[in-house]
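J.: Data: structure01.txt, compact mmCIF, C-alpha atoms.
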# COMPACT_ATOMS: atom_id res chain seq x y z
CA MET A 1 51.93 39.80 33.61
CA ILE A 2 51.13 43.03 35.49
CA ASN A 3 47.50 43.36 36.55
CA ARG A 4 45.62 46.05 38.39
CA ASN A 5 45.98 44.26 41.74
CA GLY A 6 49.75 44.28 41.41
CA LEU A 7 49.79 47.92 40.36
CA ARG A 8 47.52 48.88 43.25
CA THR A 9 49.72 47.00 45.74
CA ALA A 10 52.93 48.56 44.40
CA PHE A 11 51.42 52.06 44.44
CA THR A 12 50.05 51.67 47.97
CA ALA A 13 53.30 50.21 49.31
CA GLY A 14 55.36 52.98 47.69
CA LEU A 15 53.05 55.69 48.99
CA GLY A 16 53.11 54.27 52.51
CA ASN A 17 56.89 53.82 52.46
CA ALA A 18 57.40 57.40 51.22
CA PHE A 19 55.20 58.81 53.99
CA ALA A 20 56.98 56.68 56.63
CA SER A 21 60.41 57.77 55.40
CA LEU A 22 59.47 61.46 55.40
CA SER A 23 58.06 61.17 58.93
CA GLY A 24 61.48 60.41 60.38
CA VAL A 25 60.14 57.67 62.66
CA GLY A 26 62.23 54.49 62.77
CA ASP A 27 61.34 51.00 61.55
CA SER A 28 59.31 52.35 58.63
CA GLN A 29 59.85 49.09 56.72
CA TYR A 30 56.89 47.57 58.57
CA VAL A 31 54.51 49.70 56.49
CA SER A 32 55.50 48.00 53.24
CA LEU A 33 55.53 44.58 54.89
CA ALA A 34 51.98 45.08 56.15
CA VAL A 35 50.77 46.29 52.74
CA LEU A 36 52.28 43.30 50.93
CA ALA A 37 50.97 40.84 53.53
CA VAL A 38 47.31 41.90 53.51
CA SER A 39 46.82 42.96 49.88
CA THR A 40 44.30 40.69 48.15
CA GLY A 41 41.90 41.09 45.27
CA THR A 42 38.97 42.10 47.50
CA TYR A 43 38.26 44.44 50.37
CA GLY A 44 36.83 41.61 52.47
CA GLY A 45 39.91 39.45 52.10
CA ALA A 46 42.22 42.34 53.00
CA LEU A 47 40.06 43.20 56.02
CA ALA A 48 40.25 39.61 57.28
CA LEU A 49 44.04 39.39 56.82
CA GLY A 50 44.55 42.84 58.32
CA SER A 51 42.54 41.95 61.41
CA GLN A 52 44.53 38.74 61.82
CA ARG A 53 47.83 40.61 61.47
CA LEU A 54 46.92 43.30 64.02
CA LEU A 55 45.60 40.77 66.52
CA GLY A 56 48.67 38.58 66.09
CA THR A 57 50.98 41.58 66.53
CA ALA A 58 49.16 42.67 69.70
CA LEU A 59 49.12 39.15 71.16
CA GLY A 60 52.77 38.57 70.32
CA SER A 61 53.76 41.90 71.89
CA VAL A 62 51.93 41.16 75.15
CA LEU A 63 53.43 37.67 75.43
CA LEU A 64 56.87 39.06 74.57
CA LEU A 65 56.73 41.52 77.45
CA ILE A 66 55.40 38.91 79.88
CA GLY A 67 57.86 36.21 78.82
CA TYR A 68 60.91 38.46 78.62
CA GLU A 69 60.36 39.88 82.08
CA GLY A 70 58.80 36.86 83.80
CA LEU A 71 61.07 34.11 82.51
CA ARG A 72 64.44 35.75 83.05
CA GLY A 73 65.51 32.96 85.38
CA LEU A 74 65.19 30.31 82.69
CA PRO A 75 67.64 29.66 79.86
CA MET A 76 66.83 31.82 76.88
CA PRO A 77 65.96 28.93 74.49
CA LEU A 78 63.56 27.39 77.03
CA ALA A 79 61.95 30.73 77.88
CA LEU A 80 61.52 31.55 74.19
CA ALA A 81 60.01 28.12 73.48
CA LEU A 82 57.52 28.48 76.35
CA THR A 83 56.47 31.91 75.11
CA LEU A 84 55.97 30.65 71.56
CA GLY A 85 53.99 27.69 72.91
CA ALA A 86 51.72 30.06 74.83
CA LEU A 87 51.23 32.08 71.65
CA ARG A 88 50.26 28.95 69.75
CA LEU A 89 47.78 27.96 72.48
CA LEU A 90 46.15 31.39 72.71
CA GLY A 91 46.16 31.74 68.93
CA GLY A 92 44.19 28.51 68.66
CA LEU A 93 41.69 29.68 71.26
CA LEU A 94 41.24 32.96 69.37
CA LYS A 95 40.94 31.04 66.05
CA LEU A 96 43.91 32.81 64.50
CA GLN A 97 44.78 31.37 61.09
CA VAL A 98 47.77 33.49 60.06
CA GLY A 99 48.01 35.97 62.95
CA TYR A 100 49.98 33.62 65.20
CA LYS A 101 52.79 33.56 62.63
CA VAL A 102 53.09 37.34 62.88
CA GLY A 103 53.01 37.08 66.68
CA GLY A 104 55.82 34.51 66.55
CA ILE A 105 57.96 36.86 64.45
CA VAL A 106 57.33 39.67 66.95
CA ILE A 107 58.40 37.45 69.85
CA VAL A 108 61.56 36.13 68.17
CA MET A 109 62.70 39.48 66.77
CA GLY A 110 61.92 41.34 69.99
CA TRP A 111 63.72 38.77 72.13
CA LEU A 112 66.83 38.39 69.95
CA VAL A 113 67.20 41.74 68.17
CA HIS A 114 65.41 44.45 70.15
CA GLU A 115 65.79 43.14 73.69
CA GLY A 116 67.22 46.44 74.88
CA GLY A 117 64.45 48.65 73.52
CA LEU A 118 61.18 46.74 73.69
CA ALA A 119 59.34 49.67 75.26
CA SER A 120 59.91 51.77 72.13
CA TRP A 121 60.08 49.09 69.42
CA ILE A 122 56.72 47.42 70.18
CA PRO A 123 54.57 50.60 69.91
CA ILE A 124 56.39 51.72 66.74
CA ARG A 125 55.93 48.34 65.07
CA PHE A 126 52.25 48.19 65.99
CA PHE A 127 51.71 51.75 64.74
CA TRP A 128 53.34 51.12 61.36
CA THR A 129 51.54 47.79 60.95
CA SER A 130 48.21 49.48 61.67
CA PHE A 131 49.05 52.25 59.23
CA GLY A 132 49.96 49.73 56.52
CA VAL A 133 46.69 47.86 56.99
CA LEU A 134 44.71 51.12 56.93
CA ILE A 135 46.21 52.45 53.70
CA THR A 136 45.74 49.02 52.07
CA LEU A 137 42.02 49.11 52.86
CA LEU A 138 41.80 52.69 51.60
CA GLY A 139 43.66 51.71 48.44
CA LEU A 140 41.17 48.94 47.74
CA ARG A 141 38.33 51.43 48.07
CA LEU A 142 39.90 54.33 46.14
CA PHE A 143 42.25 52.86 43.51
CA TRP A 144 40.60 50.49 41.02
CA PRO A 145 38.24 49.14 43.67
CA ALA A 146 37.66 45.39 43.42
CA ARG A 147 34.91 44.74 45.92
CA GLY A 148 33.57 41.28 46.64
CA LEU A 149 30.03 42.27 45.63
CA ASP A 150 31.21 43.51 42.23
CA THR A 151 33.13 40.29 41.67
CA SER A 152 30.19 38.12 42.75
CA MET A 153 27.71 39.99 40.55
CA THR A 154 30.04 39.76 37.54
CA GLN A 155 30.34 36.01 38.07
CA VAL A 156 26.56 35.66 38.34
CA ALA A 157 26.07 37.62 35.11
CA GLY A 158 28.57 35.37 33.35
CA LEU A 159 26.81 32.25 34.61
CA LEU A 160 23.43 33.57 33.43
CA GLY A 161 24.91 34.23 30.00
CA GLN A 162 26.16 30.64 29.82
CA LEU A 163 22.75 29.33 30.91
CA GLN A 164 21.07 31.45 28.23
CA SER A 165 23.35 29.93 25.59
CA CYS A 166 22.66 26.40 26.85
CA PHE A 167 18.90 26.93 26.78
CA CYS A 168 19.04 28.13 23.17
CA ASP A 169 21.12 25.12 22.17
CA LEU A 170 18.77 22.76 24.01
CA ALA A 171 15.84 24.28 22.13
CA ALA A 172 17.61 23.76 18.82
CA ARG A 173 18.20 20.15 19.78
CA VAL A 174 14.51 19.20 19.83
CA ASP A 175 12.87 21.56 17.31
CA PRO A 176 14.13 22.04 13.74
CA ALA A 177 12.53 25.51 13.61
CA ALA A 178 14.54 26.58 16.65
CA ALA A 179 17.66 25.15 15.10
CA ASP A 180 17.12 27.28 12.00
CA GLN A 181 16.82 30.41 14.19
CA GLY A 182 19.86 29.66 16.35
CA GLU A 183 22.92 29.77 14.11
CA GLY A 184 26.06 27.99 15.18
CA ALA A 185 24.54 26.08 18.09
CA ASP A 186 27.09 24.16 20.15
CA PRO A 187 26.37 20.55 21.13
CA ILE A 188 25.13 20.13 24.69
CA GLY A 189 27.07 17.49 26.60
CA ILE A 190 28.04 16.58 30.12
CA GLY A 191 31.12 18.80 29.77
CA ARG A 192 29.06 21.98 29.50
CA TYR A 193 26.93 20.88 32.44
CA ARG A 194 30.05 20.39 34.56
CA ALA A 195 31.38 23.78 33.46
CA LEU A 196 28.17 25.39 34.72
CA ARG A 197 28.52 23.59 38.05
CA ASN A 198 32.13 24.78 38.34
CA GLN A 199 31.05 28.37 37.72
CA LEU A 200 28.46 28.07 40.49
CA VAL A 201 31.09 26.65 42.87
CA ALA A 202 33.38 29.60 42.06
CA ILE A 203 30.58 32.02 42.97
CA ARG A 204 30.04 30.26 46.29
CA ARG A 205 33.75 30.42 47.08
CA GLN A 206 33.53 34.20 46.82
CA ARG A 207 30.99 34.30 49.67
CA PRO A 208 33.45 34.74 52.64
CA ALA A 209 34.99 37.85 51.07
CA LEU A 210 31.52 39.26 50.42
CA LEU A 211 30.36 38.67 53.99
CA GLN A 212 33.48 40.41 55.34
CA GLU A 213 32.52 43.58 53.47
CA LEU A 214 28.94 43.82 54.67
CA GLY A 215 29.60 44.67 58.32
CA THR A 216 27.48 43.41 61.20
CA LEU A 217 24.84 40.73 60.56
CA PRO A 218 25.94 40.21 56.93
CA GLU A 219 23.55 37.25 56.55
CA ARG A 220 20.63 39.69 56.71
CA HIS A 221 22.10 42.22 54.28
CA PRO A 222 20.09 42.63 51.03
CA ALA A 223 23.21 41.86 48.98
CA THR A 224 23.64 38.52 50.75
CA LEU A 225 19.96 37.65 50.35
CA LEU A 226 20.11 38.60 46.68
CA MET A 227 23.16 36.42 46.10
CA ASP A 228 21.41 33.54 47.88
CA ASN A 229 18.46 33.99 45.53
CA PHE A 230 20.66 34.07 42.41
CA GLU A 231 22.60 31.00 43.53
CA ALA A 232 19.45 29.01 44.34
CA THR A 233 17.85 29.89 41.00
CA ALA A 234 21.02 29.12 39.04
CA SER A 235 21.38 25.80 40.82
CA ARG A 236 17.85 24.75 39.83
CA LEU A 237 18.42 25.84 36.23
CA ILE A 238 21.72 23.96 36.06
CA THR A 239 19.85 20.88 37.30
CA LEU A 240 17.52 21.33 34.31
CA VAL A 241 20.48 21.36 31.93
CA GLY A 242 21.88 18.21 33.52
CA GLY A 243 18.51 16.47 33.33
CA LEU A 244 17.97 17.33 29.68
CA VAL A 245 21.51 16.23 28.82
CA ARG A 246 20.86 12.87 30.47
CA GLU A 247 17.42 12.53 28.83
CA PRO A 248 18.07 13.25 25.13
CA PRO A 249 15.08 13.03 22.77
CA THR A 250 14.75 9.71 20.99
CA LEU A 251 14.55 9.31 17.24
CA GLN A 252 11.29 7.35 17.23
CA ASP A 253 7.90 8.65 16.08
CA PRO A 254 9.07 12.26 15.42
CA GLN A 255 5.94 13.42 13.58
CA MET A 256 3.54 12.28 16.30
CA VAL A 257 5.03 14.50 19.01
CA VAL A 258 6.26 17.47 16.99
CA GLN A 259 3.92 19.89 18.81
CA LEU A 260 5.19 18.74 22.19
CA HIS A 261 8.76 19.33 21.08
CA ARG A 262 7.82 22.74 19.72
CA ALA A 263 6.25 23.74 23.04
CA GLU A 264 9.37 22.60 24.89
CA ALA A 265 11.69 24.46 22.50
CA GLU A 266 9.66 27.69 22.63
CA LEU A 267 9.62 27.62 26.43
CA LEU A 268 13.39 27.10 26.50
CA GLN A 269 13.82 30.07 24.15
CA ALA A 270 11.52 32.20 26.30
CA MET A 271 13.50 31.31 29.42
CA ALA A 272 16.75 32.05 27.60
CA GLY A 273 15.42 35.50 26.68
CA GLN A 274 14.40 36.16 30.29
CA LEU A 275 17.83 35.12 31.57
CA GLY A 276 19.30 37.55 29.07
CA GLN A 277 17.28 40.31 30.75
CA TRP A 278 18.62 39.18 34.14
CA GLU A 279 22.16 39.38 32.83
CA ARG A 280 21.67 42.88 31.41
CA GLN A 281 20.09 44.15 34.63
CA ILE A 282 23.04 42.87 36.67
CA ARG A 283 25.71 44.23 34.35
CA ALA A 284 24.05 47.67 34.15
CA ARG A 285 23.42 47.94 37.90
CA ARG A 286 24.10 50.93 40.10
CA GLY A 287 24.16 49.45 43.56
CA LEU A 288 21.94 46.41 43.86
CA PRO A 289 20.43 45.34 40.49
CA LYS A 290 16.71 45.73 39.91
CA PRO A 291 14.61 42.89 38.49
CA PRO A 292 13.43 43.04 34.86
CA GLU A 293 10.36 45.18 34.26
CA THR A 294 8.57 42.31 32.50
CA GLY A 295 8.35 38.82 33.90
CA LEU A 296 8.63 35.51 32.09
CA GLU A 297 5.84 35.04 29.56
CA ALA A 298 5.22 31.41 28.64
CA PRO A 299 4.62 30.92 24.91
CA ARG A 300 1.12 30.00 23.76
CA SER A 301 2.22 26.53 22.70
CA TRP A 302 3.33 25.85 26.28
CA GLN A 303 0.07 27.17 27.71
CA GLU A 304 -1.88 24.85 25.40
CA LEU A 305 0.27 21.88 26.28
CA GLY A 306 -2.62 20.11 28.00
CA GLN A 307 -4.49 19.87 24.73
CA GLU A 308 -1.47 18.43 22.96
CA LEU A 309 -1.01 15.80 25.68
CA ASN A 310 -4.60 14.65 25.07
CA ASP A 311 -4.02 14.33 21.32
CA PRO A 312 -4.47 10.68 20.26
CA ASN A 313 -1.62 11.03 17.76
CA ALA A 314 0.79 11.99 20.52
CA ASN A 315 -0.43 9.21 22.79
CA SER A 316 0.19 6.66 20.07
CA ALA A 317 3.91 7.29 20.23
CA SER A 318 6.22 4.71 21.80
CA LEU A 319 6.27 4.39 25.58
CA GLU A 320 9.99 5.12 25.68
CA ARG A 321 9.51 8.39 23.83
CA LEU A 322 6.50 9.41 25.94
CA ALA A 323 8.44 8.68 29.13
CA ARG A 324 11.35 10.84 28.00
CA ILE A 325 9.05 13.63 26.88
CA ALA A 326 7.22 13.57 30.23
CA SER A 327 10.55 13.77 32.09
CA ARG A 328 11.80 16.64 29.93
CA LEU A 329 8.53 18.59 30.23
CA MET A 330 8.58 18.19 34.00
CA LEU A 331 12.14 19.58 34.11
CA CYS A 332 11.09 22.52 31.93
CA ARG A 333 8.14 23.26 34.20
CA GLN A 334 10.43 23.23 37.23
CA ALA A 335 12.83 25.62 35.49
CA GLU A 336 9.96 27.95 34.58
CA GLN A 337 8.84 27.98 38.22
CA ALA A 338 12.43 28.59 39.38
CA ILE A 339 12.67 31.73 37.23
CA ARG A 340 9.29 33.01 38.41
CA ASN A 341 10.17 32.38 42.06
CA GLY A 342 13.58 33.97 41.58
CA GLU A 343 12.08 37.16 40.17
CA ALA A 344 9.44 37.30 42.93
CA ASN A 345 12.10 36.91 45.63
CA TRP A 346 14.32 39.45 43.86
CA ALA A 347 11.57 42.08 43.97
CA ALA A 348 10.70 41.23 47.59
CA ILE A 349 14.32 41.60 48.75
CA LEU A 350 14.70 45.02 47.13
CA GLY A 351 11.29 46.04 48.48
CA ARG A 352 12.46 45.39 52.06
CA SER A 353 15.82 47.13 51.64
For the file at hand, write its structure as structure tokens.

T.:
Amino acid sequence: MINRNGLRTAFTAGLGNAFASLSGVGDSQYVSLAVLAVSTGTYGGALALGSQRLLGTALGSVLLLIGYEGLRGLPMPLALALTLGALRLLGGLLKLQVGYKVGGIVIVMGWLVHEGGLASWIPIRFFWTSFGVLITLLGLRLFWPARGLDTSMTQVAGLLGQLQSCFCDLAARVDPAAADQGEGADPIGIGRYRALRNQLVAIRRQRPALLQELGTLPERHPATLLMDNFEATASRLITLVGGLVREPPTLQDPQMVVQLHRAEAELLQAMAGQLGQWERQIRARRGLPKPPETGLEAPRSWQELGQELNDPNANSASLERLARIASRLMLCRQAEQAIRNGEANWAAILGRS
């Protein structure tokens, strides 16, 4: 199936190859090779691969010149092996991951194919490789840009939408009134909790590409700080989902604790509505998203929870049920505080930027 990344790569490679062919300079095939080698879905990934390819080409060229001229007295296989070994050693010291492979190709091809014209072949190859990397980076910026920040924010918005749905379904699980309002609620099980964790892991895997795009000191960039805040808040909310899944409400004494359940359900619905605002702010962003204009408002039943806990009818419920209710209410309070802290940090980060 053809996607926009494939179309962008094909267009960029064709454009670069056409320019190289019209220029009349030899070895123009290295433009297309560079484009295909460094093209990824994000600017940060392409920048990292491009840097590795240029550094590997430069290192391989230097070692090729030194080895070809300095090891003439040795048999060609031994001299070539020593040069490749030196490349491997220096590549490890420079923490090259894929660049040493490019350097090895430069050494082998230069030694075996272009041994009579290294002085002209090496500069031409480096020039076309640099040109291929450059037009790839420009293509990622100009043609259907797929930046790491856009990808990360889209993933965060999707995770918030899933959390909103889970909160609504959790509310319907404990309060019949909430169940009547939420049509078609899906059962909450350990599978949905694991799916949320997997989504959070996918967002964290996107971090290296994001950091590559943000220039010097990316850890201090507002986008990085904002992503840290979103990830920390989402992690705490996912913990709530896992805790409530593992602590389902019992079926004993339902009438004695109905107000406590109602307070829990209304808070879950309020938090779901606030997460919906987060999701809309992120999807409608221009640059960094702004926090919602209104913060989380706890429902009145939640604010009056202390009175309900002192109700003799509630305290006459079974110890098992009271223990589970206490655990669930504590998780809900932690989730409420996580959202409030997340919004406060969100506003503070944008205020400093």

J.: Between CA of Leu159 in chain A and CA of Gly243 in chain A, what is the spacing in Å?

T.: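 It comes out at 17.9 Å.
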
J.: Counting only C-alpha atoms, figure out which residue out of A:Leu225, A:Arg197, A:Leu267, A:Leu22 gets nearest to Arg352 in chain A.

T.: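 For Arg352 in chain A, the nearest of the candidates is A:Leu225.
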
J.: So what do you get for CA of Pro77 in chain A versus CA of Gly99 in chain A, distance-wise?

T.: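 We find that CA of Pro77 in chain A and CA of Gly99 in chain A lie 22.5 Å from each other.
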
J.: In Å, with one decimal, what is the gap from CA of Gly191 in chain A to CA of Gln155 in chain A?

T.: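 Going from CA of Gly191 in chain A over to CA of Gln155 in chain A, I get 19.1 Å.
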
J.: Considering all atoms listed in the file, can you say which of A:Phe11, A:Tyr30, A:Trp302, A:Trp111 comes closest to Met271 in chain A?

T.: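 Residue with the minimum atom-to-atom distance to Met271 in chain A: A:Trp302.
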
J.: Using all atoms listed in the file, can you tell me which of A:Val174, A:Tyr68, A:Leu244, A:Ala338 comes closest to His261 in chain A?

T.: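 Ranked by minimum distance to His261 in chain A, first place goes to A:Val174.
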
J.: Write out N, CA and C atoms for range 110-140 of chain A, as a PDB file, keeping the file's coordinate frame.

T.:
ATOM      1  N   GLY A 110      61.809  40.516  68.786  1.00  0.00           N
ATOM      2  CA  GLY A 110      61.920  41.340  69.990  1.00  0.00           C
ATOM      3  C   GLY A 110      62.894  40.752  70.988  1.00  0.00           C
ATOM      4  N   TRP A 111      62.863  39.435  71.139  1.00  0.00           N
ATOM      5  CA  TRP A 111      63.720  38.770  72.130  1.00  0.00           C
ATOM      6  C   TRP A 111      65.191  38.784  71.711  1.00  0.00           C
ATOM      7  N   LEU A 112      65.452  38.553  70.421  1.00  0.00           N
ATOM      8  CA  LEU A 112      66.830  38.390  69.950  1.00  0.00           C
ATOM      9  C   LEU A 112      67.452  39.661  69.413  1.00  0.00           C
ATOM     10  N   VAL A 113      66.641  40.561  68.848  1.00  0.00           N
ATOM     11  CA  VAL A 113      67.200  41.740  68.170  1.00  0.00           C
ATOM     12  C   VAL A 113      66.958  43.020  68.955  1.00  0.00           C
ATOM     13  N   HIS A 114      65.778  43.186  69.516  1.00  0.00           N
ATOM     14  CA  HIS A 114      65.410  44.450  70.150  1.00  0.00           C
ATOM     15  C   HIS A 114      65.235  44.310  71.661  1.00  0.00           C
ATOM     16  N   GLU A 115      65.983  43.395  72.276  1.00  0.00           N
ATOM     17  CA  GLU A 115      65.790  43.140  73.690  1.00  0.00           C
ATOM     18  C   GLU A 115      66.096  44.354  74.556  1.00  0.00           C
ATOM     19  N   GLY A 116      66.892  45.270  74.071  1.00  0.00           N
ATOM     20  CA  GLY A 116      67.220  46.440  74.880  1.00  0.00           C
ATOM     21  C   GLY A 116      66.262  47.602  74.704  1.00  0.00           C
ATOM     22  N   GLY A 117      65.356  47.515  73.766  1.00  0.00           N
ATOM     23  CA  GLY A 117      64.450  48.650  73.520  1.00  0.00           C
ATOM     24  C   GLY A 117      63.036  48.223  73.219  1.00  0.00           C
ATOM     25  N   LEU A 118      62.530  47.225  73.945  1.00  0.00           N
ATOM     26  CA  LEU A 118      61.180  46.740  73.690  1.00  0.00           C
ATOM     27  C   LEU A 118      60.129  47.808  73.934  1.00  0.00           C
ATOM     28  N   ALA A 119      60.347  48.661  74.915  1.00  0.00           N
ATOM     29  CA  ALA A 119      59.340  49.670  75.260  1.00  0.00           C
ATOM     30  C   ALA A 119      59.095  50.642  74.119  1.00  0.00           C
ATOM     31  N   SER A 120      60.094  50.876  73.272  1.00  0.00           N
ATOM     32  CA  SER A 120      59.910  51.770  72.130  1.00  0.00           C
ATOM     33  C   SER A 120      59.627  51.016  70.837  1.00  0.00           C
ATOM     34  N   TRP A 121      60.225  49.832  70.676  1.00  0.00           N
ATOM     35  CA  TRP A 121      60.080  49.090  69.420  1.00  0.00           C
ATOM     36  C   TRP A 121      58.662  48.548  69.246  1.00  0.00           C
ATOM     37  N   ILE A 122      58.060  48.019  70.300  1.00  0.00           N
ATOM     38  CA  ILE A 122      56.720  47.420  70.180  1.00  0.00           C
ATOM     39  C   ILE A 122      55.684  48.450  69.744  1.00  0.00           C
ATOM     40  N   PRO A 123      55.582  49.625  70.380  1.00  0.00           N
ATOM     41  CA  PRO A 123      54.570  50.600  69.910  1.00  0.00           C
ATOM     42  C   PRO A 123      54.805  51.074  68.479  1.00  0.00           C
ATOM     43  N   ILE A 124      56.100  51.258  68.094  1.00  0.00           N
ATOM     44  CA  ILE A 124      56.390  51.720  66.740  1.00  0.00           C
ATOM     45  C   ILE A 124      55.978  50.667  65.722  1.00  0.00           C
ATOM     46  N   ARG A 125      56.298  49.399  66.012  1.00  0.00           N
ATOM     47  CA  ARG A 125      55.930  48.340  65.070  1.00  0.00           C
ATOM     48  C   ARG A 125      54.415  48.231  64.938  1.00  0.00           C
ATOM     49  N   PHE A 126      53.712  48.297  66.046  1.00  0.00           N
ATOM     50  CA  PHE A 126      52.250  48.190  65.990  1.00  0.00           C
ATOM     51  C   PHE A 126      51.655  49.377  65.233  1.00  0.00           C
ATOM     52  N   PHE A 127      52.217  50.559  65.434  1.00  0.00           N
ATOM     53  CA  PHE A 127      51.710  51.750  64.740  1.00  0.00           C
ATOM     54  C   PHE A 127      51.899  51.619  63.232  1.00  0.00           C
ATOM     55  N   TRP A 128      53.098  51.221  62.792  1.00  0.00           N
ATOM     56  CA  TRP A 128      53.340  51.120  61.360  1.00  0.00           C
ATOM     57  C   TRP A 128      52.546  49.969  60.734  1.00  0.00           C
ATOM     58  N   THR A 129      52.365  48.887  61.466  1.00  0.00           N
ATOM     59  CA  THR A 129      51.540  47.790  60.950  1.00  0.00           C
ATOM     60  C   THR A 129      50.099  48.244  60.767  1.00  0.00           C
ATOM     61  N   SER A 130      49.585  48.973  61.770  1.00  0.00           N
ATOM     62  CA  SER A 130      48.210  49.480  61.670  1.00  0.00           C
ATOM     63  C   SER A 130      48.081  50.457  60.507  1.00  0.00           C
ATOM     64  N   PHE A 131      49.084  51.290  60.329  1.00  0.00           N
ATOM     65  CA  PHE A 131      49.050  52.250  59.230  1.00  0.00           C
ATOM     66  C   PHE A 131      49.078  51.532  57.878  1.00  0.00           C
ATOM     67  N   GLY A 132      49.899  50.483  57.763  1.00  0.00           N
ATOM     68  CA  GLY A 132      49.960  49.730  56.520  1.00  0.00           C
ATOM     69  C   GLY A 132      48.633  49.050  56.187  1.00  0.00           C
ATOM     70  N   VAL A 133      47.989  48.481  57.209  1.00  0.00           N
ATOM     71  CA  VAL A 133      46.690  47.860  56.990  1.00  0.00           C
ATOM     72  C   VAL A 133      45.657  48.906  56.569  1.00  0.00           C
ATOM     73  N   LEU A 134      45.678  50.056  57.229  1.00  0.00           N
ATOM     74  CA  LEU A 134      44.710  51.120  56.930  1.00  0.00           C
ATOM     75  C   LEU A 134      44.847  51.622  55.499  1.00  0.00           C
ATOM     76  N   ILE A 135      46.057  51.914  55.051  1.00  0.00           N
ATOM     77  CA  ILE A 135      46.210  52.450  53.700  1.00  0.00           C
ATOM     78  C   ILE A 135      45.913  51.371  52.652  1.00  0.00           C
ATOM     79  N   THR A 136      46.110  50.089  53.004  1.00  0.00           N
ATOM     80  CA  THR A 136      45.740  49.020  52.070  1.00  0.00           C
ATOM     81  C   THR A 136      44.237  48.993  51.865  1.00  0.00           C
ATOM     82  N   LEU A 137      43.473  49.095  52.958  1.00  0.00           N
ATOM     83  CA  LEU A 137      42.020  49.110  52.860  1.00  0.00           C
ATOM     84  C   LEU A 137      41.531  50.340  52.095  1.00  0.00           C
ATOM     85  N   LEU A 138      42.165  51.491  52.354  1.00  0.00           N
ATOM     86  CA  LEU A 138      41.800  52.690  51.600  1.00  0.00           C
ATOM     87  C   LEU A 138      42.134  52.549  50.126  1.00  0.00           C
ATOM     88  N   GLY A 139      43.279  51.918  49.838  1.00  0.00           N
ATOM     89  CA  GLY A 139      43.660  51.710  48.440  1.00  0.00           C
ATOM     90  C   GLY A 139      42.665  50.836  47.693  1.00  0.00           C
ATOM     91  N   LEU A 140      42.156  49.810  48.376  1.00  0.00           N
ATOM     92  CA  LEU A 140      41.170  48.940  47.740  1.00  0.00           C
ATOM     93  C   LEU A 140      39.857  49.655  47.468  1.00  0.00           C
TER      94      LEU A 140
END
